[in-house]
Structures are given as C-alpha cells and as structure tokens.
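Trainee: Just model_18.cif, nothing more (mmCIF, N, CA and C atoms):
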```
data_entry
loop_
_atom_site.label_atom_id
_atom_site.label_comp_id
_atom_site.auth_asym_id
_atom_site.auth_seq_id
_atom_site.Cartn_x
_atom_site.Cartn_y
_atom_site.Cartn_z
N MET N 498 51.62 131.21 139.14
CA MET N 498 50.36 131.27 138.42
C MET N 498 50.64 131.26 136.92
N SER N 499 49.94 130.42 136.21
CA SER N 499 50.09 130.35 134.76
C SER N 499 49.33 131.48 134.09
N GLU N 500 49.84 131.90 132.96
CA GLU N 500 49.24 133.01 132.24
C GLU N 500 48.62 132.56 130.92
N LEU N 501 47.50 133.16 130.60
CA LEU N 501 46.82 132.97 129.32
C LEU N 501 46.93 134.28 128.56
N LEU N 502 47.53 134.24 127.39
CA LEU N 502 47.67 135.44 126.57
C LEU N 502 46.36 135.69 125.82
N LEU N 503 45.83 136.89 125.98
CA LEU N 503 44.65 137.34 125.24
C LEU N 503 45.14 138.44 124.31
N LEU N 504 45.30 138.11 123.04
CA LEU N 504 45.94 139.00 122.07
C LEU N 504 44.91 139.55 121.10
N ASN N 505 44.81 140.86 121.03
CA ASN N 505 43.87 141.52 120.14
C ASN N 505 44.59 142.52 119.25
N GLY N 506 44.29 142.45 117.97
CA GLY N 506 44.97 143.27 116.98
C GLY N 506 44.33 144.62 116.72
N PRO N 507 44.64 145.18 115.57
CA PRO N 507 44.22 146.54 115.22
C PRO N 507 42.71 146.76 115.33
N ASN N 508 42.36 147.92 115.84
CA ASN N 508 40.99 148.42 115.96
C ASN N 508 40.15 147.71 117.02
N LEU N 509 40.70 146.73 117.70
CA LEU N 509 39.91 146.02 118.70
C LEU N 509 39.90 146.73 120.05
N GLY N 510 40.70 147.74 120.21
CA GLY N 510 40.68 148.55 121.42
C GLY N 510 39.45 149.45 121.51
N ILE N 511 38.73 149.59 120.41
CA ILE N 511 37.54 150.44 120.40
C ILE N 511 36.25 149.61 120.30
N LEU N 512 36.35 148.35 120.74
CA LEU N 512 35.14 147.51 120.77
C LEU N 512 34.08 148.19 121.62
N GLY N 513 32.84 148.00 121.23
CA GLY N 513 31.72 148.63 121.93
C GLY N 513 31.32 149.94 121.27
N ARG N 514 32.28 150.59 120.62
CA ARG N 514 32.02 151.83 119.89
C ARG N 514 32.16 151.63 118.39
N ARG N 515 32.96 150.69 117.98
CA ARG N 515 33.24 150.46 116.56
C ARG N 515 32.15 149.58 115.96
N GLU N 516 31.42 150.09 115.02
CA GLU N 516 30.40 149.34 114.29
C GLU N 516 29.69 148.31 115.18
N PRO N 517 28.94 148.75 116.17
CA PRO N 517 28.31 147.79 117.09
C PRO N 517 27.35 146.83 116.39
N GLU N 518 26.84 147.20 115.23
CA GLU N 518 25.96 146.28 114.50
C GLU N 518 26.74 145.09 113.93
N VAL N 519 28.05 145.24 113.80
CA VAL N 519 28.91 144.15 113.30
C VAL N 519 29.63 143.46 114.46
N TYR N 520 30.20 144.26 115.37
CA TYR N 520 31.09 143.72 116.40
C TYR N 520 30.45 143.64 117.79
N GLY N 521 29.23 144.14 117.95
CA GLY N 521 28.55 144.08 119.23
C GLY N 521 28.88 145.27 120.12
N THR N 522 28.30 145.26 121.30
CA THR N 522 28.47 146.38 122.22
C THR N 522 29.40 146.08 123.38
N ASP N 523 29.88 144.85 123.50
CA ASP N 523 30.84 144.53 124.55
C ASP N 523 32.15 145.26 124.27
N THR N 524 32.74 145.78 125.32
CA THR N 524 34.04 146.44 125.21
C THR N 524 35.16 145.40 125.39
N LEU N 525 36.37 145.82 125.10
CA LEU N 525 37.50 144.92 125.33
C LEU N 525 37.62 144.60 126.82
N ALA N 526 37.31 145.56 127.68
CA ALA N 526 37.33 145.29 129.12
C ALA N 526 36.30 144.22 129.49
N ASP N 527 35.13 144.24 128.84
CA ASP N 527 34.12 143.21 129.07
C ASP N 527 34.65 141.84 128.66
N VAL N 528 35.31 141.79 127.51
CA VAL N 528 35.89 140.53 127.01
C VAL N 528 36.94 140.02 127.98
N GLU N 529 37.82 140.91 128.42
CA GLU N 529 38.88 140.52 129.36
C GLU N 529 38.29 139.94 130.63
N ALA N 530 37.26 140.59 131.17
CA ALA N 530 36.64 140.12 132.42
C ALA N 530 35.98 138.75 132.21
N ALA N 531 35.32 138.56 131.07
CA ALA N 531 34.66 137.28 130.79
C ALA N 531 35.67 136.15 130.66
N VAL N 532 36.77 136.40 129.98
CA VAL N 532 37.81 135.37 129.84
C VAL N 532 38.45 135.08 131.19
N ALA N 533 38.72 136.12 131.97
CA ALA N 533 39.31 135.92 133.30
C ALA N 533 38.40 135.08 134.18
N ALA N 534 37.10 135.34 134.13
CA ALA N 534 36.15 134.55 134.93
C ALA N 534 36.13 133.10 134.46
N GLU N 535 36.27 132.89 133.17
CA GLU N 535 36.22 131.54 132.60
C GLU N 535 37.40 130.70 133.06
N VAL N 536 38.58 131.31 133.20
CA VAL N 536 39.79 130.53 133.50
C VAL N 536 40.23 130.62 134.96
N ALA N 537 39.52 131.38 135.75
CA ALA N 537 39.92 131.60 137.16
C ALA N 537 40.00 130.29 137.94
N GLY N 538 39.09 129.37 137.67
CA GLY N 538 39.06 128.11 138.40
C GLY N 538 40.32 127.28 138.22
N ARG N 539 41.03 127.47 137.13
CA ARG N 539 42.28 126.76 136.87
C ARG N 539 43.47 127.53 137.44
N GLY N 540 43.21 128.74 137.94
CA GLY N 540 44.30 129.55 138.49
C GLY N 540 45.09 130.29 137.43
N TRP N 541 44.52 130.43 136.23
CA TRP N 541 45.21 131.13 135.17
C TRP N 541 44.96 132.63 135.28
N LYS N 542 45.98 133.39 135.03
CA LYS N 542 45.89 134.84 134.98
C LYS N 542 45.87 135.27 133.51
N VAL N 543 44.94 136.14 133.16
CA VAL N 543 44.84 136.63 131.79
C VAL N 543 45.77 137.83 131.62
N VAL N 544 46.62 137.73 130.60
CA VAL N 544 47.48 138.84 130.20
C VAL N 544 46.93 139.35 128.89
N SER N 545 46.29 140.51 128.96
CA SER N 545 45.62 141.06 127.79
C SER N 545 46.51 142.08 127.10
N VAL N 546 46.69 141.88 125.80
CA VAL N 546 47.50 142.79 124.99
C VAL N 546 46.69 143.16 123.76
N GLN N 547 46.48 144.45 123.56
CA GLN N 547 45.85 144.95 122.33
C GLN N 547 46.79 146.00 121.76
N ARG N 548 47.15 145.82 120.52
CA ARG N 548 48.05 146.76 119.85
C ARG N 548 47.54 147.01 118.43
N GLU N 549 47.90 148.18 117.93
CA GLU N 549 47.51 148.55 116.57
C GLU N 549 48.54 148.10 115.55
N SER N 550 49.76 147.78 115.98
CA SER N 550 50.80 147.42 115.03
C SER N 550 51.21 145.95 115.17
N GLU N 551 51.52 145.36 114.05
CA GLU N 551 51.88 143.94 114.02
C GLU N 551 53.15 143.66 114.81
N GLY N 552 54.13 144.52 114.72
CA GLY N 552 55.39 144.29 115.43
C GLY N 552 55.20 144.18 116.93
N GLN N 553 54.32 145.01 117.50
CA GLN N 553 54.08 144.95 118.94
C GLN N 553 53.33 143.67 119.32
N LEU N 554 52.49 143.17 118.44
CA LEU N 554 51.79 141.91 118.69
C LEU N 554 52.78 140.74 118.65
N ILE N 555 53.72 140.80 117.72
CA ILE N 555 54.76 139.77 117.63
C ILE N 555 55.57 139.74 118.92
N GLU N 556 55.94 140.92 119.42
CA GLU N 556 56.69 140.99 120.67
C GLU N 556 55.89 140.40 121.82
N ALA N 557 54.59 140.63 121.85
CA ALA N 557 53.76 140.07 122.92
C ALA N 557 53.74 138.56 122.87
N VAL N 558 53.67 137.99 121.67
CA VAL N 558 53.71 136.53 121.52
C VAL N 558 55.05 136.00 122.02
N GLN N 559 56.12 136.64 121.61
CA GLN N 559 57.45 136.19 122.03
C GLN N 559 57.63 136.32 123.54
N ASP N 560 57.10 137.39 124.13
CA ASP N 560 57.20 137.58 125.58
C ASP N 560 56.40 136.54 126.36
N ALA N 561 55.38 135.96 125.71
CA ALA N 561 54.50 135.00 126.39
C ALA N 561 55.01 133.56 126.34
N TRP N 562 56.12 133.30 125.67
CA TRP N 562 56.60 131.92 125.53
C TRP N 562 56.81 131.25 126.87
N ASP N 563 57.45 131.93 127.79
CA ASP N 563 57.73 131.35 129.10
C ASP N 563 56.60 131.70 130.05
N GLY N 564 55.99 130.71 130.62
CA GLY N 564 54.96 130.94 131.62
C GLY N 564 53.54 130.97 131.11
N SER N 565 53.36 131.02 129.80
CA SER N 565 51.99 131.02 129.30
C SER N 565 51.54 129.59 129.00
N VAL N 566 50.24 129.38 129.13
CA VAL N 566 49.67 128.06 128.86
C VAL N 566 49.06 127.98 127.47
N GLY N 567 48.82 129.13 126.86
CA GLY N 567 48.21 129.20 125.54
C GLY N 567 47.75 130.61 125.28
N ALA N 568 47.04 130.78 124.17
CA ALA N 568 46.62 132.12 123.78
C ALA N 568 45.27 132.09 123.07
N ILE N 569 44.56 133.18 123.24
CA ILE N 569 43.37 133.49 122.45
C ILE N 569 43.77 134.67 121.59
N VAL N 570 43.62 134.53 120.28
CA VAL N 570 44.13 135.54 119.35
C VAL N 570 43.02 136.03 118.44
N ASN N 571 42.73 137.32 118.51
CA ASN N 571 41.89 137.96 117.51
C ASN N 571 42.80 138.92 116.77
N PRO N 572 43.28 138.51 115.59
CA PRO N 572 44.24 139.34 114.87
C PRO N 572 43.59 140.49 114.12
N GLY N 573 42.25 140.56 114.12
CA GLY N 573 41.59 141.57 113.31
C GLY N 573 41.98 141.37 111.85
N ALA N 574 42.19 142.47 111.17
CA ALA N 574 42.52 142.41 109.74
C ALA N 574 43.87 141.76 109.47
N LEU N 575 44.72 141.58 110.49
CA LEU N 575 46.00 140.92 110.29
C LEU N 575 45.82 139.45 109.93
N MET N 576 44.61 138.93 110.07
CA MET N 576 44.36 137.56 109.63
C MET N 576 44.62 137.41 108.14
N ILE N 577 44.50 138.51 107.39
CA ILE N 577 44.58 138.47 105.93
C ILE N 577 46.02 138.44 105.44
N ALA N 578 46.87 139.26 106.04
CA ALA N 578 48.24 139.37 105.54
C ALA N 578 49.25 139.60 106.65
N GLY N 579 48.95 139.13 107.85
CA GLY N 579 49.86 139.30 108.97
C GLY N 579 50.90 138.20 108.99
N TRP N 580 51.77 138.19 108.00
CA TRP N 580 52.74 137.10 107.86
C TRP N 580 53.75 137.07 109.00
N GLY N 581 54.15 138.23 109.50
CA GLY N 581 55.07 138.25 110.64
C GLY N 581 54.42 137.68 111.89
N LEU N 582 53.17 138.05 112.13
CA LEU N 582 52.43 137.50 113.27
C LEU N 582 52.23 136.00 113.08
N ARG N 583 51.97 135.59 111.86
CA ARG N 583 51.81 134.17 111.55
C ARG N 583 53.08 133.40 111.92
N ASP N 584 54.23 133.95 111.54
CA ASP N 584 55.49 133.28 111.83
C ASP N 584 55.76 133.23 113.33
N ALA N 585 55.41 134.29 114.06
CA ALA N 585 55.58 134.28 115.51
C ALA N 585 54.71 133.21 116.15
N LEU N 586 53.48 133.08 115.68
CA LEU N 586 52.58 132.05 116.23
C LEU N 586 52.99 130.65 115.80
N ALA N 587 53.62 130.52 114.64
CA ALA N 587 54.12 129.21 114.21
C ALA N 587 55.21 128.72 115.16
N ALA N 588 55.97 129.66 115.71
CA ALA N 588 57.05 129.30 116.63
C ALA N 588 56.57 129.22 118.08
N TYR N 589 55.40 129.78 118.37
CA TYR N 589 54.87 129.79 119.73
C TYR N 589 54.60 128.35 120.18
N PRO N 590 55.17 127.94 121.31
CA PRO N 590 55.13 126.53 121.69
C PRO N 590 53.87 126.09 122.45
N ARG N 591 52.81 126.87 122.37
CA ARG N 591 51.58 126.56 123.09
C ARG N 591 50.39 126.59 122.13
N PRO N 592 49.27 125.98 122.52
CA PRO N 592 48.09 126.04 121.66
C PRO N 592 47.48 127.45 121.67
N PHE N 593 46.87 127.82 120.54
CA PHE N 593 46.13 129.07 120.51
C PHE N 593 44.86 128.87 119.70
N VAL N 594 43.86 129.67 120.04
CA VAL N 594 42.58 129.66 119.34
C VAL N 594 42.40 131.02 118.70
N GLU N 595 42.09 131.02 117.42
CA GLU N 595 41.81 132.26 116.70
C GLU N 595 40.33 132.59 116.85
N VAL N 596 40.03 133.84 117.15
CA VAL N 596 38.65 134.29 117.37
C VAL N 596 38.36 135.51 116.51
N HIS N 597 37.17 135.52 115.94
CA HIS N 597 36.66 136.71 115.24
C HIS N 597 35.23 136.95 115.69
N LEU N 598 34.93 138.17 116.04
CA LEU N 598 33.61 138.53 116.54
C LEU N 598 32.53 138.33 115.49
N SER N 599 32.81 138.73 114.26
CA SER N 599 31.83 138.62 113.19
C SER N 599 32.09 137.35 112.38
N ASN N 600 31.09 136.94 111.64
CA ASN N 600 31.26 135.79 110.74
C ASN N 600 31.98 136.30 109.50
N VAL N 601 33.27 136.07 109.45
CA VAL N 601 34.09 136.62 108.37
C VAL N 601 33.67 136.07 107.01
N TRP N 602 33.07 134.89 106.97
CA TRP N 602 32.66 134.30 105.69
C TRP N 602 31.33 134.87 105.19
N ALA N 603 30.64 135.60 106.03
CA ALA N 603 29.40 136.27 105.63
C ALA N 603 29.67 137.71 105.21
N ARG N 604 30.93 138.09 105.20
CA ARG N 604 31.31 139.47 104.88
C ARG N 604 32.06 139.53 103.55
N GLU N 605 32.81 140.57 103.33
CA GLU N 605 33.52 140.77 102.07
C GLU N 605 34.47 139.60 101.80
N SER N 606 34.66 139.30 100.53
CA SER N 606 35.46 138.12 100.17
C SER N 606 36.92 138.24 100.62
N PHE N 607 37.45 139.45 100.75
CA PHE N 607 38.84 139.57 101.18
C PHE N 607 39.04 139.09 102.61
N ARG N 608 37.94 138.92 103.36
CA ARG N 608 38.03 138.44 104.74
C ARG N 608 37.91 136.91 104.83
N HIS N 609 37.83 136.23 103.73
CA HIS N 609 37.54 134.79 103.75
C HIS N 609 38.75 133.90 103.95
N GLU N 610 39.92 134.47 104.09
CA GLU N 610 41.12 133.64 104.28
C GLU N 610 41.93 134.17 105.45
N SER N 611 42.38 133.28 106.29
CA SER N 611 43.23 133.64 107.41
C SER N 611 44.57 132.94 107.26
N VAL N 612 45.65 133.72 107.38
CA VAL N 612 46.99 133.11 107.33
C VAL N 612 47.33 132.44 108.65
N LEU N 613 46.54 132.71 109.69
CA LEU N 613 46.79 132.12 111.00
C LEU N 613 46.02 130.82 111.23
N ALA N 614 44.85 130.71 110.63
CA ALA N 614 43.95 129.58 110.91
C ALA N 614 44.61 128.21 110.75
N PRO N 615 45.44 127.99 109.73
CA PRO N 615 46.05 126.65 109.62
C PRO N 615 46.95 126.28 110.80
N LEU N 616 47.39 127.26 111.57
CA LEU N 616 48.26 127.00 112.71
C LEU N 616 47.49 126.85 114.02
N ALA N 617 46.28 127.38 114.05
CA ALA N 617 45.51 127.44 115.29
C ALA N 617 44.99 126.07 115.70
N SER N 618 44.81 125.91 117.00
CA SER N 618 44.16 124.69 117.50
C SER N 618 42.69 124.67 117.13
N GLY N 619 42.13 125.85 116.93
CA GLY N 619 40.74 126.00 116.53
C GLY N 619 40.46 127.43 116.13
N VAL N 620 39.35 127.63 115.45
CA VAL N 620 38.93 128.96 115.01
C VAL N 620 37.46 129.12 115.35
N ILE N 621 37.13 130.25 115.97
CA ILE N 621 35.75 130.55 116.35
C ILE N 621 35.37 131.88 115.70
N VAL N 622 34.30 131.87 114.91
CA VAL N 622 33.88 133.10 114.23
C VAL N 622 32.38 133.30 114.38
N GLY N 623 31.99 134.57 114.38
CA GLY N 623 30.59 134.93 114.26
C GLY N 623 29.75 134.84 115.51
N LEU N 624 30.34 134.59 116.65
CA LEU N 624 29.56 134.44 117.88
C LEU N 624 29.73 135.62 118.83
N GLY N 625 30.26 136.72 118.30
CA GLY N 625 30.46 137.90 119.13
C GLY N 625 31.43 137.63 120.26
N ALA N 626 31.24 138.35 121.35
CA ALA N 626 32.15 138.22 122.50
C ALA N 626 32.10 136.83 123.12
N LEU N 627 31.00 136.12 122.93
CA LEU N 627 30.92 134.74 123.42
C LEU N 627 32.05 133.88 122.86
N GLY N 628 32.51 134.19 121.66
CA GLY N 628 33.59 133.43 121.04
C GLY N 628 34.85 133.38 121.90
N TYR N 629 35.14 134.46 122.60
CA TYR N 629 36.31 134.48 123.48
C TYR N 629 36.13 133.50 124.65
N ARG N 630 34.94 133.47 125.22
CA ARG N 630 34.69 132.54 126.33
C ARG N 630 34.79 131.10 125.85
N LEU N 631 34.26 130.84 124.65
CA LEU N 631 34.35 129.49 124.09
C LEU N 631 35.81 129.11 123.82
N ALA N 632 36.59 130.06 123.37
CA ALA N 632 38.02 129.81 123.15
C ALA N 632 38.71 129.48 124.47
N ALA N 633 38.35 130.20 125.52
CA ALA N 633 38.92 129.91 126.84
C ALA N 633 38.55 128.51 127.28
N GLN N 634 37.30 128.12 127.06
CA GLN N 634 36.86 126.77 127.43
C GLN N 634 37.62 125.72 126.62
N ALA N 635 37.86 126.00 125.36
CA ALA N 635 38.62 125.05 124.52
C ALA N 635 40.04 124.89 125.05
N LEU N 636 40.68 125.99 125.42
CA LEU N 636 42.04 125.89 125.95
C LEU N 636 42.07 125.18 127.31
N LEU N 637 41.06 125.42 128.12
CA LEU N 637 40.97 124.68 129.39
C LEU N 637 40.91 123.17 129.14
N ALA N 638 40.22 122.79 128.08
CA ALA N 638 40.11 121.36 127.74
C ALA N 638 41.40 120.83 127.12
N LYS N 639 42.11 121.65 126.36
CA LYS N 639 43.31 121.20 125.65
C LYS N 639 44.56 121.17 126.52
N VAL N 640 44.65 122.09 127.46
CA VAL N 640 45.87 122.21 128.27
C VAL N 640 45.70 121.35 129.52
N PRO N 641 46.59 120.41 129.72
CA PRO N 641 46.49 119.56 130.92
C PRO N 641 46.60 120.38 132.20
N ALA N 642 45.83 120.01 133.19
CA ALA N 642 45.94 120.66 134.50
C ALA N 642 47.29 120.34 135.10
N SER N 643 47.90 121.33 135.71
CA SER N 643 49.24 121.08 136.29
C SER N 643 49.17 120.86 137.77
#
```
Written as structure tokens, that's how I'd like the structure from this file.
Mentor:
Amino acid sequence: MSELLLLNGPNLGILGRREPEVYGTDTLADVEAAVAAEVAGRGWKVVSVQRESEGQLIEAVQDAWDGSVGAIVNPGALMIAGWGLRDALAAYPRPFVEVHLSNVWARESFRHESVLAPLASGVIVGLGALGYRLAAQALLAKVPAS
C-alpha cells in the first residue's frame, strides 16, 4: 500500500480550539479522516505527522522518501523561515502541495512569503479544512496510478 504523508507543523495539533474564527472548528483528526476518505479509492494510506519542532518534521519528510507517493504539507509559521524544512522538501523526490487554512495574504504582512511555495507542486490557502481535501485531489491527479 502506498503512503501519503500528511505533514502539519507547529500549533496545528490544537486545530478546532485554536482561534476558530481564523482556522475553523475542524480538528486535526477531522482533517486526517477527510484526507483518508479522499485517497482511499487509490489504496493510499495516510501517514499523519504533526510536530511542534522543525527537526522532527524534517525527519518525517526523510522517513517518507521510500514508499510515499507525495505529501500534503501545512508548515504553519515555518513557511516564513523554515529553511531546514525547505531543504528537506527540496530533496524529497515526490510532489507535495502546501496548504494553509487561512488566507495568509489577507493577514499580517510577515505571513505573505513562503520559503516552501516555490518548491511545491501547488499551494492552497484560505479554504479552511477543505484545502486539505483539494490538495489530496491534486495529488491524485498528479501521481500516476500504479
């Protein structure tokens, strides 16, 4: 069974409780279930990793090299200066889609640049938890059926 990496960065483990007016009320478990349902028809298994530290996220990317078909990545604030994560994803041999729950360009100016976006196959922002499902659909379209 092929694996899809669902990678979530700092503070995303408290989705549903953290600023619901910005990030919505869906929990990370809700997101995981929605992505799993989206890719089940292809036989992909979702491997969900949420960590507060960049080093642990880098290790998750490196661990996913063999056997993964791609990744959905919400780096949280690491989009701004997560250079180590950026380098890990630059070396990652599969497509990935960057996702942000809120519209980062409608928020503070320090959120307007992502060090990961130039490497991503696509970027989805501002659509809440639906963005993860759309990212899964994009990867289903990009990754050839085996």
Trainee: Using the chain letters and numbers from the file, which residues does the PyMOL selection byres ((chain N and resi 578-583) around 8) grab, as a list in words?
Mentor: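 For this structure, the PyMOL selection byres ((chain N and resi 578-583) around 8) resolves to Glu551, Gly552, Leu554, Ile555, Glu556, Gly573, Ala574, Leu575, Met576, Ile577, Asp584, Ala585, Leu586, Ala587, Ala588, Tyr589, Glu610, Ser611, Val612, Leu613 and Ala614 of chain N.
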Trainee: Can you pull out every residue from stretch 561-636 of chain N that DSSP, working from the backbone, puts in strand (DSSP E), and format the result as a PyMOL selection string?
Mentor: chain N and resi 565-571+593-597+619-622
Trainee: Atom N of N:Phe593 and atom N of N:Ala568, how far apart in Å?
Mentor: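 Atom N of N:Ala568 sits 4.7 Å away from atom N of N:Phe593.
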Trainee: Using only N, CA and C atoms, which of N:Ile569, N:Val558, N:Ala642, N:Leu502 sits nearest N:Val543?
Mentor: N:Leu502
Trainee: If you run DSSP on this backbone, which residues of stretch 512-625 of chain N come out as helix (DSSP H, G or I), and could you give them as number ranges by chain?
Mentor: N: 517-520, 525-539, 551-560, 575-578, 580-588, 601-603, 606-608, 614-616
Trainee: Counting only C-alpha atoms, which residue out of N:Val536, N:Ala530, N:Val544, N:Val601 sits closest to N:Leu504?
Mentor: N:Val544
Trainee: Please compute the atom N of N:Ala561-atom N of N:Ser618 distance, one decimal, in Å.
Mentor: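 A separation of 17.0 Å between them.
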Trainee: Quick one: distance from atom C of N:Trp562 to atom CA of N:Arg591 in Å, one decimal?
Mentor: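 Atom CA of N:Arg591 lies at a distance of 8.0 Å from atom C of N:Trp562.
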Trainee: Could you check which of N:Ala632, N:Val532, N:Thr524, N:Val622 is closest to N:Ser599, using only C-alpha atoms?
Mentor: N:Val622
Trainee: I'd like the residues picked by the PyMOL selection byres (((chain N and resi 565 and name CA) around 6) and name CA) written out as a count of residues only, using the chain letters and numbers from the file.
Mentor: 8
Trainee: Applying 7 Å and all atoms listed in the file, which residues near N:Glu535 remain after dropping the ones on its own chain fewer than 6 positions away? List them as a ChimeraX atom specification.
Mentor: /N:630,633-634
Trainee: Can you spit out the residues from that selection as a PDB file, in the coordinates of the input, using N, CA and C atoms?
Mentor:
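Final output, saved to selection24.pdb:
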```
ATOM      1  N   ARG N 630      34.940 133.470 125.220  1.00  0.00           N
ATOM      2  CA  ARG N 630      34.690 132.540 126.330  1.00  0.00           C
ATOM      3  C   ARG N 630      34.790 131.100 125.850  1.00  0.00           C
ATOM      4  N   ALA N 633      38.350 130.200 125.520  1.00  0.00           N
ATOM      5  CA  ALA N 633      38.920 129.910 126.840  1.00  0.00           C
ATOM      6  C   ALA N 633      38.550 128.510 127.280  1.00  0.00           C
ATOM      7  N   GLN N 634      37.300 128.120 127.060  1.00  0.00           N
ATOM      8  CA  GLN N 634      36.860 126.770 127.430  1.00  0.00           C
ATOM      9  C   GLN N 634      37.620 125.720 126.620  1.00  0.00           C
TER      10      GLN N 634
END
```
